[in-house]
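One structure is given below, encoded as structure tokens.
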Amino acid sequence: GSSEAAVAGRTSAETFAHAQAVIPGGVNSPVRAFGAVGGTPPFIASGSGPYVTDVDGHEYVDLVGSWGPALLGHAHPEVVEAVQAAAARGLGFGAPTVTEVDLVDEIRSRVPAAEMVRLVSTGTEATMTALRLARAHTGRDLVVKFAGCYHGHVDALLASAGSGVATLALPDSAGVSTAVAAETIVLPYNDVDAVAEAFATHGDRIAAVITEAAPANMGVVPPGPGFNAELRRLTAEHGALLIQDEVLTGFRVGFSGWWGLEGLREGWAADLFTFGKVIGGGLPVAAVGGRRDVMGHLAPVGPVYQAGTLSGNPVATAAGLTTLRLADASVYARIDQTAATLRTELSRVLADESVPHSVQWAGSLFSTMFGPEAATHGVRDYAAVQASEAWRYAPFHRALLEAGVYAPPSPFEAWFVSAAHDDTAVDRVLSALPAAARAAAAA
Ligand code: PMP
């Protein structure tokens with residue numbers, strides 16, 4: 001139990017102090033270090049439904065959800081049972097298993113344009129493979145990405161990236177060679193003219209445009225009406241591939257991901273999709289999928305090499321498959337409703353305290369941008385994100401944490417709710433909001 005852990009001297013503070021001596025920053029992924037909000041990150045002992053409990057015995061309503069995978073909440077009994085059953089049969093074989101084929105079929109049934117799918121373990125591998133496929137398919141080298149979009153820590157995609165790169169205010173990453181960086185064209189998000197101009201200038205050298213289907217790694221910045229459709233049109237016109245990165249949005253914002261909210265209705269699809277997070281249900285599974293002719297370049301059929309010791313792992317795919325099979329329309333309806341409630345109340349309490357803000361949202365994903373510019377114009381690109389009053393977030397976050405609400409420890413991340421967030425959990429968040437709004441106002 002949590003009190004035993006504290007008695008044994010494994011408090012968050014003590015563990016973090018030791019961890020910093022043996023793990024860079026004390027964490028295995030930068031944003032977990034709480035650098036943007038200050039204080040000691042709680043070390044999590046367990047999670048159940050909408051709650052996580054730290055080793056010091058504090059329980060929080062979790063609004064991070066493992067950064068997306070926890071669509072059904074933590075330790076959903078049916079998911080745990082499937083994982084335990086799979087684990088009992090052996091943790092992995094490096095040989096094909098039936099579950100991975102079932103998971104691929106589940107993905108294809110929701111996004112039919114993912115005609116063929118290759119499973120990997122992380123979103124980073126998925127986008128890396130998508131780029132390699134696009135370059136092989138087109139015989140071109142350049143790739144277009146948007147400032148503030150995060151696609152994992154692929155060398156070519158770290159320029160002006162979101163998520164932890166934005167939190168640490170890095171323009172890009174050290175250790176990326178000049179040659180690789182020179183093959184990436186970074187454009188402002190939501191700027192169709194900039195994309196058209198890039199194609200007018202370099203059109204015959206651009207292999208692909210990669211974009212978050214709805215960006216949620218610079219805070220949430222929804223695509224303007226027709227932006228994704230215009231990317232589809234321009235890439236097709238110039239013989240480049242469109243890669244929609246749905247690692248975060250896929251099967252979270254709806255039954256068929258962001259494509260189901262936009263592409264399905266408007267009648268278009270990307271050439272390649274990347275998925276992750278929800279398709280692993282909390283264990284490491286990600287995927288690249290898309291056009292049969294493009295996917296056919298992958299080894300062993302084609303000349304594009306890609307592989308993984310743990311790819312399609314039977315325990316991980318059991319977690320993902322069970323999660324997706326449970327994620328029916330009612331799950332998405334419930335999550336949409338909970339997100340709408342939180343968005344509305346967030347905006348109301350901030351207005352009550354006269355804190356200028358914009359609650360930005362895309363489907364069930366949302367985040368708050370502070371400042372008069374954000375309040376007046378909304379936030380449409382990374383420049384506007386950087387001009388926002390991000391410093392109001394630290395005291396806001398601290399007040400929430402003290403009231404038992406675990407929001408993302410950075411202003412540049414989306415808030416995640418799950419189908420397990422019931423009225424009790426939501427009420428706890430709502431009652432924590434006024435004090436947090438006062439803290440943001442006082443900052
Ligand atoms: N693409 C997007 C849109 C993401 O949000 C993320 C992770 N937050 C990634 C790619 C990278 O995935 P991973 O962390 O599994 O490498």
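Identifiers in the structure tokens: chain A, B, ... in order shown; residue index from 1 per chain; ligand index from 1 in order shown.
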
For this session: Using backbone DSSP assignments, extract all strand (DSSP E) residues from region 199-441 of chain A; output them as an NGL selection string.
Result: :A and (206-212 or 241-246 or 272-275 or 286-290 or 357-362 or 365-370 or 405-406)

With N, CA and C atoms retained, could you export that selection as an mmCIF file, in the first residue's frame?
```cif
data_model
loop_
_atom_site.group_PDB
_atom_site.id
_atom_site.type_symbol
_atom_site.label_atom_id
_atom_site.label_comp_id
_atom_site.auth_asym_id
_atom_site.auth_seq_id
_atom_site.Cartn_x
_atom_site.Cartn_y
_atom_site.Cartn_z
ATOM 1 N N ILE A 206 9.668 17.370 -53.069
ATOM 2 C CA ILE A 206 8.993 17.078 -51.792
ATOM 3 C C ILE A 206 8.396 15.672 -51.811
ATOM 4 N N ALA A 207 8.888 14.836 -50.893
ATOM 5 C CA ALA A 207 8.395 13.461 -50.797
ATOM 6 C C ALA A 207 7.054 13.410 -50.078
ATOM 7 N N ALA A 208 6.924 14.236 -49.032
ATOM 8 C CA ALA A 208 5.717 14.127 -48.212
ATOM 9 C C ALA A 208 5.472 15.384 -47.397
ATOM 10 N N VAL A 209 4.203 15.593 -47.089
ATOM 11 C CA VAL A 209 3.804 16.526 -46.041
ATOM 12 C C VAL A 209 3.327 15.669 -44.883
ATOM 13 N N ILE A 210 3.918 15.884 -43.709
ATOM 14 C CA ILE A 210 3.441 15.181 -42.520
ATOM 15 C C ILE A 210 2.807 16.207 -41.590
ATOM 16 N N THR A 211 1.640 15.853 -41.052
ATOM 17 C CA THR A 211 0.952 16.773 -40.151
ATOM 18 C C THR A 211 0.223 15.993 -39.073
ATOM 19 N N GLU A 212 0.111 16.562 -37.885
ATOM 20 C CA GLU A 212 -0.801 15.991 -36.908
ATOM 21 C C GLU A 212 -2.206 16.220 -37.453
ATOM 22 N N LEU A 241 3.349 12.539 -51.010
ATOM 23 C CA LEU A 241 2.409 11.796 -50.172
ATOM 24 C C LEU A 241 1.949 12.662 -49.002
ATOM 25 N N LEU A 242 0.716 12.431 -48.579
ATOM 26 C CA LEU A 242 0.206 13.067 -47.360
ATOM 27 C C LEU A 242 0.242 12.042 -46.236
ATOM 28 N N ILE A 243 0.968 12.394 -45.174
ATOM 29 C CA ILE A 243 1.038 11.531 -43.986
ATOM 30 C C ILE A 243 0.253 12.207 -42.874
ATOM 31 N N GLN A 244 -0.851 11.611 -42.463
ATOM 32 C CA GLN A 244 -1.616 12.135 -41.334
ATOM 33 C C GLN A 244 -1.165 11.375 -40.086
ATOM 34 N N ASP A 245 -0.551 12.110 -39.163
ATOM 35 C CA ASP A 245 -0.098 11.519 -37.912
ATOM 36 C C ASP A 245 -1.272 11.510 -36.939
ATOM 37 N N GLU A 246 -1.814 10.309 -36.725
ATOM 38 C CA GLU A 246 -2.934 10.135 -35.785
ATOM 39 C C GLU A 246 -2.491 9.339 -34.560
ATOM 40 N N LEU A 272 -0.736 7.821 -46.130
ATOM 41 C CA LEU A 272 -0.230 7.054 -44.993
ATOM 42 C C LEU A 272 -0.763 7.655 -43.698
ATOM 43 N N PHE A 273 -1.053 6.795 -42.749
ATOM 44 C CA PHE A 273 -1.463 7.199 -41.410
ATOM 45 C C PHE A 273 -0.463 6.634 -40.408
ATOM 46 N N THR A 274 -0.269 7.336 -39.316
ATOM 47 C CA THR A 274 0.448 6.727 -38.204
ATOM 48 C C THR A 274 -0.486 6.711 -36.998
ATOM 49 N N PHE A 275 -0.420 5.619 -36.258
ATOM 50 C CA PHE A 275 -1.245 5.440 -35.062
ATOM 51 C C PHE A 275 -0.350 5.032 -33.898
ATOM 52 N N ALA A 286 2.331 0.802 -31.795
ATOM 53 C CA ALA A 286 2.024 1.874 -32.726
ATOM 54 C C ALA A 286 1.968 1.242 -34.106
ATOM 55 N N ALA A 287 1.626 2.047 -35.116
ATOM 56 C CA ALA A 287 1.444 1.457 -36.441
ATOM 57 C C ALA A 287 1.613 2.494 -37.525
ATOM 58 N N VAL A 288 2.044 2.025 -38.693
ATOM 59 C CA VAL A 288 1.953 2.832 -39.901
ATOM 60 C C VAL A 288 1.072 2.038 -40.852
ATOM 61 N N GLY A 289 0.147 2.755 -41.497
ATOM 62 C CA GLY A 289 -0.764 2.067 -42.415
ATOM 63 C C GLY A 289 -1.127 2.982 -43.554
ATOM 64 N N GLY A 290 -1.650 2.411 -44.614
ATOM 65 C CA GLY A 290 -2.070 3.241 -45.736
ATOM 66 C C GLY A 290 -2.202 2.469 -47.021
ATOM 67 N N HIS A 357 -8.174 34.287 -21.875
ATOM 68 C CA HIS A 357 -7.784 32.923 -22.251
ATOM 69 C C HIS A 357 -8.544 32.472 -23.484
ATOM 70 N N SER A 358 -8.095 31.363 -24.040
ATOM 71 C CA SER A 358 -8.842 30.653 -25.078
ATOM 72 C C SER A 358 -8.781 29.180 -24.741
ATOM 73 N N VAL A 359 -9.949 28.558 -24.512
ATOM 74 C CA VAL A 359 -9.956 27.101 -24.351
ATOM 75 C C VAL A 359 -10.058 26.526 -25.756
ATOM 76 N N GLN A 360 -8.977 25.939 -26.188
ATOM 77 C CA GLN A 360 -8.867 25.430 -27.555
ATOM 78 C C GLN A 360 -9.285 23.963 -27.574
ATOM 79 N N TRP A 361 -9.972 23.530 -28.611
ATOM 80 C CA TRP A 361 -10.358 22.111 -28.614
ATOM 81 C C TRP A 361 -10.464 21.527 -30.012
ATOM 82 N N ALA A 362 -10.276 20.223 -30.044
ATOM 83 C CA ALA A 362 -10.436 19.438 -31.267
ATOM 84 C C ALA A 362 -10.999 18.097 -30.823
ATOM 85 N N LEU A 365 -10.260 16.523 -27.277
ATOM 86 C CA LEU A 365 -8.982 17.059 -26.787
ATOM 87 C C LEU A 365 -9.127 18.549 -26.546
ATOM 88 N N PHE A 366 -8.544 19.039 -25.465
ATOM 89 C CA PHE A 366 -8.618 20.480 -25.223
ATOM 90 C C PHE A 366 -7.433 20.931 -24.394
ATOM 91 N N SER A 367 -7.174 22.233 -24.444
ATOM 92 C CA SER A 367 -6.146 22.833 -23.599
ATOM 93 C C SER A 367 -6.445 24.322 -23.503
ATOM 94 N N THR A 368 -5.818 24.966 -22.520
ATOM 95 C CA THR A 368 -6.084 26.384 -22.277
ATOM 96 C C THR A 368 -4.870 27.211 -22.638
ATOM 97 N N MET A 369 -5.076 28.235 -23.446
ATOM 98 C CA MET A 369 -4.014 29.197 -23.738
ATOM 99 C C MET A 369 -4.392 30.499 -23.037
ATOM 100 N N PHE A 370 -3.423 31.062 -22.317
ATOM 101 C CA PHE A 370 -3.685 32.303 -21.589
ATOM 102 C C PHE A 370 -3.240 33.521 -22.391
ATOM 103 N N VAL A 405 -6.031 17.049 -8.479
ATOM 104 C CA VAL A 405 -6.291 16.930 -9.924
ATOM 105 C C VAL A 405 -4.952 16.950 -10.662
ATOM 106 N N TYR A 406 -4.673 15.890 -11.409
ATOM 107 C CA TYR A 406 -3.395 15.753 -12.102
ATOM 108 C C TYR A 406 -3.582 16.153 -13.564
#
```

Problem set entry | Long-range neighbours of Pro314 (chain A) as a VMD selection string, 8 Å cut-off, only C-alpha atoms, 6 positions minimum in chain | chain A and resid 86 91 to 92 97 99 to 100

How close does region 217-264 of chain A get to region 179-192 of chain A? List, as a tab-separated table, each residue of region 217-264 of chain A within 10 Å, its nearest atom pair and the distance in Å to one decimal, counting only C-alpha atoms.
```
residue	atom	partner	partner_atom	distance
A:Val221	CA	A:Tyr189	CA	8.8
A:Pro222	CA	A:Asn190	CA	8.7
A:Pro223	CA	A:Asn190	CA	6.2
A:Gly224	CA	A:Asn190	CA	6.2
A:Pro225	CA	A:Asn190	CA	9.3
A:Gly226	CA	A:Val192	CA	9.4
A:Phe227	CA	A:Asn190	CA	6.3
A:Asn228	CA	A:Asn190	CA	8.8
A:Glu230	CA	A:Val192	CA	7.1
A:Leu231	CA	A:Val192	CA	7.7
A:Leu234	CA	A:Val192	CA	9.3
```

With N, CA and C atoms retained, export the selected residues as a compact mmCIF listing (two decimals), in the first residue's frame.
```txt
# COMPACT_ATOMS: atom_id res chain seq x y z
N VAL A 221 -4.44 22.96 -31.18
CA VAL A 221 -4.61 23.96 -32.24
C VAL A 221 -5.35 23.28 -33.39
N PRO A 222 -6.67 23.41 -33.42
CA PRO A 222 -7.42 22.65 -34.43
C PRO A 222 -7.13 23.13 -35.84
N PRO A 223 -7.20 22.22 -36.81
CA PRO A 223 -7.06 22.64 -38.20
C PRO A 223 -8.22 23.55 -38.59
N GLY A 224 -7.93 24.63 -39.30
CA GLY A 224 -9.00 25.47 -39.81
C GLY A 224 -9.82 24.69 -40.81
N PRO A 225 -11.06 25.16 -41.09
CA PRO A 225 -11.92 24.46 -42.05
C PRO A 225 -11.20 24.30 -43.39
N GLY A 226 -11.13 23.07 -43.87
CA GLY A 226 -10.54 22.81 -45.18
C GLY A 226 -9.03 22.73 -45.22
N PHE A 227 -8.35 22.95 -44.08
CA PHE A 227 -6.88 22.92 -44.12
C PHE A 227 -6.35 21.54 -44.52
N ASN A 228 -6.83 20.50 -43.84
CA ASN A 228 -6.37 19.15 -44.18
C ASN A 228 -6.75 18.77 -45.61
N GLU A 230 -7.02 20.75 -48.08
CA GLU A 230 -6.13 21.48 -48.98
C GLU A 230 -4.75 20.80 -49.03
N LEU A 231 -4.29 20.29 -47.90
CA LEU A 231 -3.03 19.51 -47.90
C LEU A 231 -3.17 18.29 -48.80
N LEU A 234 -3.04 19.59 -52.50
CA LEU A 234 -1.72 20.06 -52.94
C LEU A 234 -0.72 18.91 -53.07
```

For this session: Grab me every residue within 8 Å of ligand 1, counting only C-alpha atoms and all ligand atoms, and send it over as a ChimeraX atom specification.
Result: /A:67,121-127,149-153,163,212-213,215-217,245-249,274-277,284-286

For this session: May I have the residues within 10 Å of Arg392 (chain A) as a PyMOL selection string, using only C-alpha atoms and disregarding those fewer than 4 positions away in the same chain?
Result: chain A and resi 37+355+369-371+388+396-397+411+437+439-443
